[in-house]
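First the structure, in the form of structure tokens, and then the observations on it.
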Number of protein chains: 2
Amino acid sequence: MSGVHPLPAARPGDPVGRIATPALVIDLDAMERNLQRMAAFARERGLRLRPHAKMHKSAHIARLQMAAGAVGVCVQKLSEAQALAAGGVDNIFISNELVDEAKLTELAQLARQIRLAVCVDSGLGVDRLAAAVRRAGCVVDVLVEIDVGQGRCGVPATAAGALAHQVVSHAPASDGPGQGGLRFAGLQAYHGRAQHLRSAAERAQAIHHAVTLARTAQATITSGGIACPLVTGAGTGSFVHEAASGVYGELQAGSYLFMDRDYADNQATPDAPVFEHALFVKSQVMSRGQSHAVVDAGHKAHAVDSGLPRVWGRALAYANGGDEHGLLSVVVTPSGAEPPLLEGLPGLGDTVWLVPGHCDPTVNLHDHYIALRGGLQHGVVEAVWPVDARGCLR
Amino acid sequence: MSGVHPLPAARPGDPVGRIATPALVIDLDAMERNLQRMAAFARERGLRLRPHAKMHKSAHIARLQMAAGAVGVCVQKLSEAQALAAGGVDNIFISNELVDEAKLTELAQLARQIRLAVCVDSGLGVDRLAAAVRRAGCVVDVLVEIDVGQGRCGVPATAAGALAHQVVSHAPASDGPGQGGLRFAGLQAYHGRAQHLRSAAERAQAIHHAVTLARTAQATITSGGIACPLVTGAGTGSFVHEAASGVYGELQAGSYLFMDRDYADNQATPDAPVFEHALFVKSQVMSRGQSHAVVDAGHKAHAVDSGLPRVWGRALAYANGGDEHGLLSVVVTPSGAEPPLLEGLPGLGDTVWLVPGHCDPTVNLHDHYIALRGGLQHGVVEAVWPVDARGCLR
């Protein structure tokens, strides 16, 4: 038996003031502008867009992205793929490795229902995946992950050819139905560490290095007589460079849709589309001291792995108040702030909007999005969307 | 419509090896020893124990604590209280303030079903609470929170008397049924910042200061002719001192039950009961480099607000690998480690047990506890418990 599922913080039609706090709120107007800007960027360059849905974990949002031109979405976990597939998303890339046989059996079952791709970075992983896929009689797209600077998963670029060869050795015997096997689909080459290098020049340099490694890996594959159909990767901090590389054919950026504080803190990339903050935590002042106010949103309401949230529209600093509280104090308004920030400490019961430090794990703390139309001041709740893959860790 | 609810990682009767990763696992033998040690500590001193259930968010565990002698539990949020009440917990203290009128209406409804207490630290909060309670025709226990060093919520100790007076002015007109009103129940005096001061002497000094302030607050109340029935507070890092103070009558420690890495890093308090790690995240190696291994548990599987997890039983350091990954590297075993640590990097598919940095927000990331009997090596799943109040932010 499962626990009481938290109820949504509002219902469609509610004015913004009636949204219970803390709540995860989307500024729909801003989100839709972000959605279209990234779709146009990829379309104009003839690149595939496969946004990372580990960020939003929502089947509804994934479908909006695909309706705007995305070929599908990425996830990091099998259970995320299962949750999104149950919500009607039919083209999913698990941009991560699995070696667990029970999970691989489930993965193969899912591949009978949707177009599914997954990464490998070990011979053991390839063999176990191939065995599971053959048992299920299905085909899975397989991308060899190379380490382009992240220092996490992936083989060295020079080892990509050998692993691709092993993948190809498990190709389906024929194209007939029920023929299980692996379809080699290319290279996964994501440079996570590059995304938050603050200077635009450092990010450009890191991706230049990643592109060089991706070319090396491509060469080790094609020199063995295997076609390498695709190099996929890129994030919100770097996609302009992967897009310009001539090597990457698919962009995986996800955070552009909501833009968290950490990405906004990057120095802007020249000629990059501008994305707006579209995700907020609505909080309320529930205690007031002489020189501080306390809001009802702590790090159970927003993730702190990438730092604390920014207070939106007010000249206030947010300090960590623990799991359930945030501490606000007055800061000097930067001169010429546009729009001008509200001055002074808020009072008991006042609303305070927070821009999360990191959207992905913040979303994972909430069960629902409250989708607001018409802005944070006077908006109305247009929809409530479940965070379908919230808590899908496996 | 709600999202796909994650399935439990195992079923009762499964051997430990079959628990899917990442999973939140309780070592039941260790937890039960912790439970009994704290219950005995309070019982032997004639103190009330009201463990903080914001830590475990489980109605089942709350009932185990009450069966061992606890008078009830604390929570921080109304929705936590609602979830635990739905699971049969009938005595709950919301050790936090609420000023939102919609929430106060719900609080008063809940007080018709269970014995409920709540904190106040403002005149506005008292008046709104009194109005809601009177409308519902119920009685709520009210504790005036004083700031004893946390710098968060609570009035100064010298202001406690005035606020208590205001609470008493809203006492029920009579003891008859349907008579709504506030019952002044004493002082909330919790020193959160003291809990993780690393040296035992610093913690002792901080609580000495808190006790002095609690005495001052008591005096401002009793000098106004109002009885102050209780001072409540204390956490796992400090409860020995509150217990010895002669002022505190109730202990709220919660983390003792699971003992996270952050509490274990404290220098031990002399004569304090010893608590064992009883909460773990089971993870699996899903990628291997030359000099590192990658596990499938990142900060969506364990909270990082109080630092990274410790690797259990192995001479390995855990470094942040992002939302879904952890990076393991070999460290030199401290000489004389007892029991001896397993040396070397684990292989692909190997199990790695993590001791979370902070149990409260880690638990909040999971939907179920996998309750294991017989130890991490050869244990068997005895039960699966829902994290009833997971995600109950409001």
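Just so we're on the same page: first chain in the structure tokens is A, next is B, and so on; residues restart at 1 for each chain, and ligands are numbered from 1 in the order they show up.
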
Would you mind listing what lies within 8 Å of Glu242 in chain A as a PDB file with C-alpha atoms, in the first residue's frame, with only C-alpha atoms counted and same-chain residues fewer than 5 positions away left out?
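Here's the written file around.pdb:
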```
ATOM      1  CA  ILE A 207      33.537  21.649 -26.435  1.00  0.00           C
ATOM      2  CA  VAL A 211      34.514  17.627 -30.802  1.00  0.00           C
ATOM      3  CA  GLY A 233      25.159  15.268 -26.928  1.00  0.00           C
ATOM      4  CA  ALA A 234      25.217  18.929 -25.805  1.00  0.00           C
ATOM      5  CA  VAL A 247      30.160  16.602 -36.057  1.00  0.00           C
ATOM      6  CA  TYR A 248      27.157  16.549 -33.723  1.00  0.00           C
ATOM      7  CA  LEU A 251      21.283  18.198 -29.398  1.00  0.00           C
TER       8      LEU A 251
END
```

- Task: Using only C-alpha atoms, determine which residues lie at most 10 Å from Ala293 in chain A, disregarding the query and same-chain residues fewer than 3 positions distant; provide the list as a VMD selection string.
- Result: (chain A and resid 284 to 290 316 318 326 to 330 345 to 348) or (chain B and resid 152 to 153)

- Message: Set the distance at 10 Å and use only C-alpha atoms: which residues neighbour range 178-184 of chain A once local chain neighbours fewer than 4 positions away are removed? I'd like the list as a PyMOL selection string.
- Response: chain A and resi 108+112+117+126+129-144+164-174+226-230

Export, as a compact mmCIF listing (two decimals), in the first residue's frame, the selected residues with C-alpha atoms.
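Once written, again-v1.txt looks like this:
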```txt
# COMPACT_ATOMS: atom_id res chain seq x y z
CA ALA A 108 13.77 -5.15 -23.78
CA ARG A 112 8.64 -3.91 -27.92
CA ALA A 117 17.83 3.65 -27.57
CA VAL A 126 26.77 -5.05 -24.70
CA LEU A 129 21.86 -6.12 -23.49
CA ALA A 130 22.10 -8.30 -26.60
CA ALA A 131 20.98 -11.38 -24.69
CA ALA A 132 17.96 -9.56 -23.22
CA VAL A 133 16.97 -8.09 -26.56
CA ARG A 134 17.28 -11.44 -28.32
CA ARG A 135 15.10 -13.13 -25.69
CA ALA A 136 12.44 -10.45 -26.21
CA GLY A 137 12.72 -10.56 -29.98
CA CYS A 138 13.05 -6.78 -30.30
CA VAL A 139 15.49 -4.23 -31.65
CA VAL A 140 17.20 -1.53 -29.60
CA ASP A 141 19.27 1.37 -30.92
CA VAL A 142 22.67 1.38 -29.23
CA LEU A 143 25.01 4.33 -28.82
CA VAL A 144 28.58 3.87 -27.69
CA ALA A 164 30.97 -0.50 -31.93
CA HIS A 165 32.26 -3.67 -33.59
CA GLN A 166 30.93 -5.70 -30.68
CA VAL A 167 27.53 -3.99 -30.96
CA VAL A 168 27.37 -4.69 -34.66
CA SER A 169 28.15 -8.36 -33.99
CA HIS A 170 24.76 -8.54 -32.27
CA ALA A 171 22.79 -7.05 -35.18
CA PRO A 172 19.47 -8.75 -35.90
CA ALA A 173 19.87 -11.75 -38.21
CA SER A 174 17.35 -10.21 -40.60
CA ILE A 226 31.18 0.47 -39.72
CA ALA A 227 28.97 3.48 -40.49
CA CYS A 228 28.55 5.95 -37.61
CA PRO A 229 25.14 7.49 -38.24
CA LEU A 230 25.06 10.05 -35.44
```

- Item | Surrounding residues of Ala81 in chain A excluding itself and chain neighbours under 3 positions, 12 Å, only C-alpha atoms, as a PyMOL selection string | (chain A and resi 52-54+57-59+62+72-78+84-96+103+106-111+113-118+388-390+392-394) or (chain B and resi 4+6)

Residue selection dump (N, CA and C atoms) as a short mmCIF file (atom, residue, chain, number, x, y, z; two decimals), in the first residue's frame:
```
data_model
loop_
_atom_site.label_atom_id
_atom_site.label_comp_id
_atom_site.auth_asym_id
_atom_site.auth_seq_id
_atom_site.Cartn_x
_atom_site.Cartn_y
_atom_site.Cartn_z
N HIS A 52 16.49 16.70 -23.09
CA HIS A 52 16.62 15.78 -21.96
C HIS A 52 15.41 15.92 -21.04
N ALA A 53 14.64 14.83 -20.94
CA ALA A 53 13.44 14.82 -20.11
C ALA A 53 13.73 14.41 -18.67
N LYS A 54 15.00 14.10 -18.35
CA LYS A 54 15.36 13.93 -16.94
C LYS A 54 15.14 15.24 -16.19
N LYS A 57 10.69 15.49 -16.52
CA LYS A 57 10.03 14.25 -16.10
C LYS A 57 8.53 14.23 -16.40
N SER A 58 8.14 14.96 -17.42
CA SER A 58 6.71 15.09 -17.71
C SER A 58 6.40 14.61 -19.12
N ALA A 59 5.47 13.67 -19.25
CA ALA A 59 5.07 13.18 -20.56
C ALA A 59 4.39 14.29 -21.35
N ALA A 62 7.06 16.53 -22.71
CA ALA A 62 7.78 15.82 -23.78
C ALA A 62 6.97 15.87 -25.08
N GLY A 72 12.34 13.13 -30.29
CA GLY A 72 12.03 12.30 -29.13
C GLY A 72 12.68 12.97 -27.93
N VAL A 73 12.84 12.22 -26.85
CA VAL A 73 13.50 12.79 -25.68
C VAL A 73 14.56 11.83 -25.16
N CYS A 74 15.45 12.36 -24.34
CA CYS A 74 16.39 11.54 -23.56
C CYS A 74 15.86 11.38 -22.14
N VAL A 75 16.28 10.30 -21.49
CA VAL A 75 16.14 10.16 -20.04
C VAL A 75 17.43 9.52 -19.53
N GLN A 76 17.58 9.43 -18.23
CA GLN A 76 18.76 8.79 -17.65
C GLN A 76 18.47 7.41 -17.07
N LYS A 77 17.20 7.13 -16.82
CA LYS A 77 16.85 5.91 -16.09
C LYS A 77 15.76 5.14 -16.83
N LEU A 78 15.85 3.83 -16.74
CA LEU A 78 14.83 2.96 -17.33
C LEU A 78 13.44 3.29 -16.81
N LEU A 84 7.38 7.74 -18.88
CA LEU A 84 7.04 8.61 -20.02
C LEU A 84 6.34 7.82 -21.13
N ALA A 85 6.80 6.59 -21.33
CA ALA A 85 6.13 5.76 -22.35
C ALA A 85 4.67 5.53 -21.96
N ALA A 86 4.43 5.31 -20.67
CA ALA A 86 3.04 5.14 -20.21
C ALA A 86 2.22 6.40 -20.47
N GLY A 87 2.91 7.54 -20.56
CA GLY A 87 2.23 8.81 -20.85
C GLY A 87 2.21 9.15 -22.34
N GLY A 88 2.55 8.20 -23.19
CA GLY A 88 2.38 8.41 -24.63
C GLY A 88 3.61 8.89 -25.39
N VAL A 89 4.77 8.87 -24.75
CA VAL A 89 6.00 9.28 -25.44
C VAL A 89 6.60 8.03 -26.10
N ASP A 90 6.77 8.07 -27.43
CA ASP A 90 7.07 6.83 -28.16
C ASP A 90 8.48 6.76 -28.75
N ASN A 91 9.35 7.69 -28.36
CA ASN A 91 10.72 7.69 -28.89
C ASN A 91 11.65 8.20 -27.80
N ILE A 92 12.33 7.27 -27.14
CA ILE A 92 13.10 7.62 -25.94
C ILE A 92 14.50 7.04 -26.01
N PHE A 93 15.47 7.85 -25.64
CA PHE A 93 16.87 7.45 -25.58
C PHE A 93 17.31 7.50 -24.11
N ILE A 94 17.66 6.33 -23.57
CA ILE A 94 18.24 6.29 -22.22
C ILE A 94 19.73 6.59 -22.39
N SER A 95 20.13 7.83 -22.12
CA SER A 95 21.50 8.28 -22.40
C SER A 95 22.42 7.88 -21.25
N ASN A 96 22.43 6.61 -20.95
CA ASN A 96 23.09 6.10 -19.75
C ASN A 96 23.25 4.59 -19.93
N LYS A 103 16.98 -5.38 -14.99
CA LYS A 103 16.61 -4.13 -15.68
C LYS A 103 16.67 -4.30 -17.19
N GLU A 106 13.61 -5.80 -18.47
CA GLU A 106 12.52 -4.81 -18.55
C GLU A 106 12.71 -3.86 -19.72
N LEU A 107 13.95 -3.48 -19.94
CA LEU A 107 14.25 -2.57 -21.06
C LEU A 107 13.82 -3.21 -22.38
N ALA A 108 14.13 -4.48 -22.53
CA ALA A 108 13.77 -5.15 -23.78
C ALA A 108 12.25 -5.23 -23.94
N GLN A 109 11.54 -5.41 -22.83
CA GLN A 109 10.08 -5.40 -22.91
C GLN A 109 9.58 -4.05 -23.40
N LEU A 110 10.18 -2.98 -22.88
CA LEU A 110 9.75 -1.63 -23.28
C LEU A 110 10.04 -1.40 -24.76
N ALA A 111 11.14 -1.98 -25.24
CA ALA A 111 11.51 -1.77 -26.65
C ALA A 111 10.54 -2.46 -27.60
N GLN A 113 7.44 -1.87 -27.28
CA GLN A 113 6.32 -0.93 -27.35
C GLN A 113 6.70 0.40 -27.99
N ILE A 114 7.92 0.87 -27.79
CA ILE A 114 8.31 2.19 -28.32
C ILE A 114 9.68 2.07 -28.98
N ARG A 115 10.06 3.10 -29.72
CA ARG A 115 11.41 3.17 -30.26
C ARG A 115 12.34 3.56 -29.11
N LEU A 116 13.31 2.68 -28.82
CA LEU A 116 14.12 2.86 -27.62
C LEU A 116 15.60 2.78 -27.99
N ALA A 117 16.37 3.67 -27.39
CA ALA A 117 17.83 3.65 -27.57
C ALA A 117 18.48 3.68 -26.19
N VAL A 118 19.72 3.18 -26.12
CA VAL A 118 20.43 3.14 -24.85
C VAL A 118 21.94 3.21 -25.11
N ASP A 388 5.39 13.05 -14.01
CA ASP A 388 5.15 11.61 -14.19
C ASP A 388 6.29 10.73 -13.67
N ALA A 389 7.52 11.15 -13.93
CA ALA A 389 8.66 10.30 -13.58
C ALA A 389 9.35 10.74 -12.29
N ARG A 390 8.63 11.53 -11.47
CA ARG A 390 9.17 11.92 -10.18
C ARG A 390 9.51 10.67 -9.36
N CYS A 392 11.47 8.34 -10.08
CA CYS A 392 11.84 7.16 -10.88
C CYS A 392 13.36 7.06 -10.91
N LEU A 393 13.89 6.41 -9.91
CA LEU A 393 15.34 6.38 -9.69
C LEU A 393 16.01 5.22 -10.39
N ARG A 394 15.25 4.21 -10.76
CA ARG A 394 15.87 2.97 -11.24
C ARG A 394 15.83 2.84 -12.77
N VAL B 4 2.87 7.94 -12.89
CA VAL B 4 3.13 6.54 -12.53
C VAL B 4 3.86 6.52 -11.19
N PRO B 6 6.30 5.14 -8.60
CA PRO B 6 7.37 4.15 -8.68
C PRO B 6 7.05 2.90 -7.87
#
```

- Message: Please return, as a PyMOL selection string, all residues of range 125-316 of chain A that DSSP assigns to strand (DSSP E) on the basis of the backbone.
- Response: chain A and resi 139-145+181-188+231-233+250-251+279-288+293-295+310-311+316

Go ahead and write the selection's residues with C-alpha atoms as a PDB file, in the first residue's frame.
```pdb
ATOM      1  CA  VAL A 139      15.490  -4.232 -31.655  1.00  0.00           C
ATOM      2  CA  VAL A 140      17.202  -1.531 -29.600  1.00  0.00           C
ATOM      3  CA  ASP A 141      19.270   1.369 -30.917  1.00  0.00           C
ATOM      4  CA  VAL A 142      22.670   1.377 -29.230  1.00  0.00           C
ATOM      5  CA  LEU A 143      25.009   4.328 -28.819  1.00  0.00           C
ATOM      6  CA  VAL A 144      28.581   3.870 -27.687  1.00  0.00           C
ATOM      7  CA  GLU A 145      29.343   6.465 -25.034  1.00  0.00           C
ATOM      8  CA  GLY A 181      19.215  -7.603 -31.972  1.00  0.00           C
ATOM      9  CA  LEU A 182      21.200  -4.411 -31.516  1.00  0.00           C
ATOM     10  CA  ARG A 183      21.194  -1.609 -34.075  1.00  0.00           C
ATOM     11  CA  PHE A 184      24.388   0.480 -33.827  1.00  0.00           C
ATOM     12  CA  ALA A 185      23.187   4.097 -33.850  1.00  0.00           C
ATOM     13  CA  GLY A 186      26.323   6.169 -33.214  1.00  0.00           C
ATOM     14  CA  LEU A 187      28.115   7.966 -30.407  1.00  0.00           C
ATOM     15  CA  GLN A 188      26.984   9.534 -27.155  1.00  0.00           C
ATOM     16  CA  VAL A 231      26.963  11.904 -32.730  1.00  0.00           C
ATOM     17  CA  THR A 232      24.592  13.083 -29.998  1.00  0.00           C
ATOM     18  CA  GLY A 233      25.159  15.268 -26.928  1.00  0.00           C
ATOM     19  CA  GLU A 250      21.609  15.824 -32.365  1.00  0.00           C
ATOM     20  CA  LEU A 251      21.283  18.198 -29.398  1.00  0.00           C
ATOM     21  CA  LEU A 279      10.177  27.668 -13.361  1.00  0.00           C
ATOM     22  CA  PHE A 280       9.577  29.040  -9.880  1.00  0.00           C
ATOM     23  CA  VAL A 281       8.887  27.847  -6.387  1.00  0.00           C
ATOM     24  CA  LYS A 282       6.100  29.903  -4.853  1.00  0.00           C
ATOM     25  CA  SER A 283       6.732  30.407  -1.151  1.00  0.00           C
ATOM     26  CA  GLN A 284       5.129  32.310   1.708  1.00  0.00           C
ATOM     27  CA  VAL A 285       6.554  34.251   4.644  1.00  0.00           C
ATOM     28  CA  MET A 286       5.518  32.328   7.772  1.00  0.00           C
ATOM     29  CA  SER A 287       7.756  34.031  10.347  1.00  0.00           C
ATOM     30  CA  ARG A 288       9.288  37.495  10.664  1.00  0.00           C
ATOM     31  CA  ALA A 293      11.894  36.895   7.104  1.00  0.00           C
ATOM     32  CA  VAL A 294      11.365  33.131   6.968  1.00  0.00           C
ATOM     33  CA  VAL A 295       9.650  31.447   4.019  1.00  0.00           C
ATOM     34  CA  ARG A 310      17.490  33.464  -6.258  1.00  0.00           C
ATOM     35  CA  VAL A 311      14.643  35.596  -4.951  1.00  0.00           C
ATOM     36  CA  LEU A 316      16.458  39.955  -0.988  1.00  0.00           C
TER      37      LEU A 316
END
```

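Closest to Pro12 in chain B among B:Val99, B:Ala157, B:Leu376, B:Ile370 is B:Ile370, based on only C-alpha atoms.
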
- Between CA of Val352 in chain B and CA of Leu163 in chain A, distance in Å (one decimal):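 CA of Leu163 in chain A lies at a distance of 26.3 Å from CA of Val352 in chain B.
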
- Task: Take CA of Ala303 in chain B and CA of Pro361 in chain B and report the distance between them in Å, one decimal.
- Result: 5.6 Å
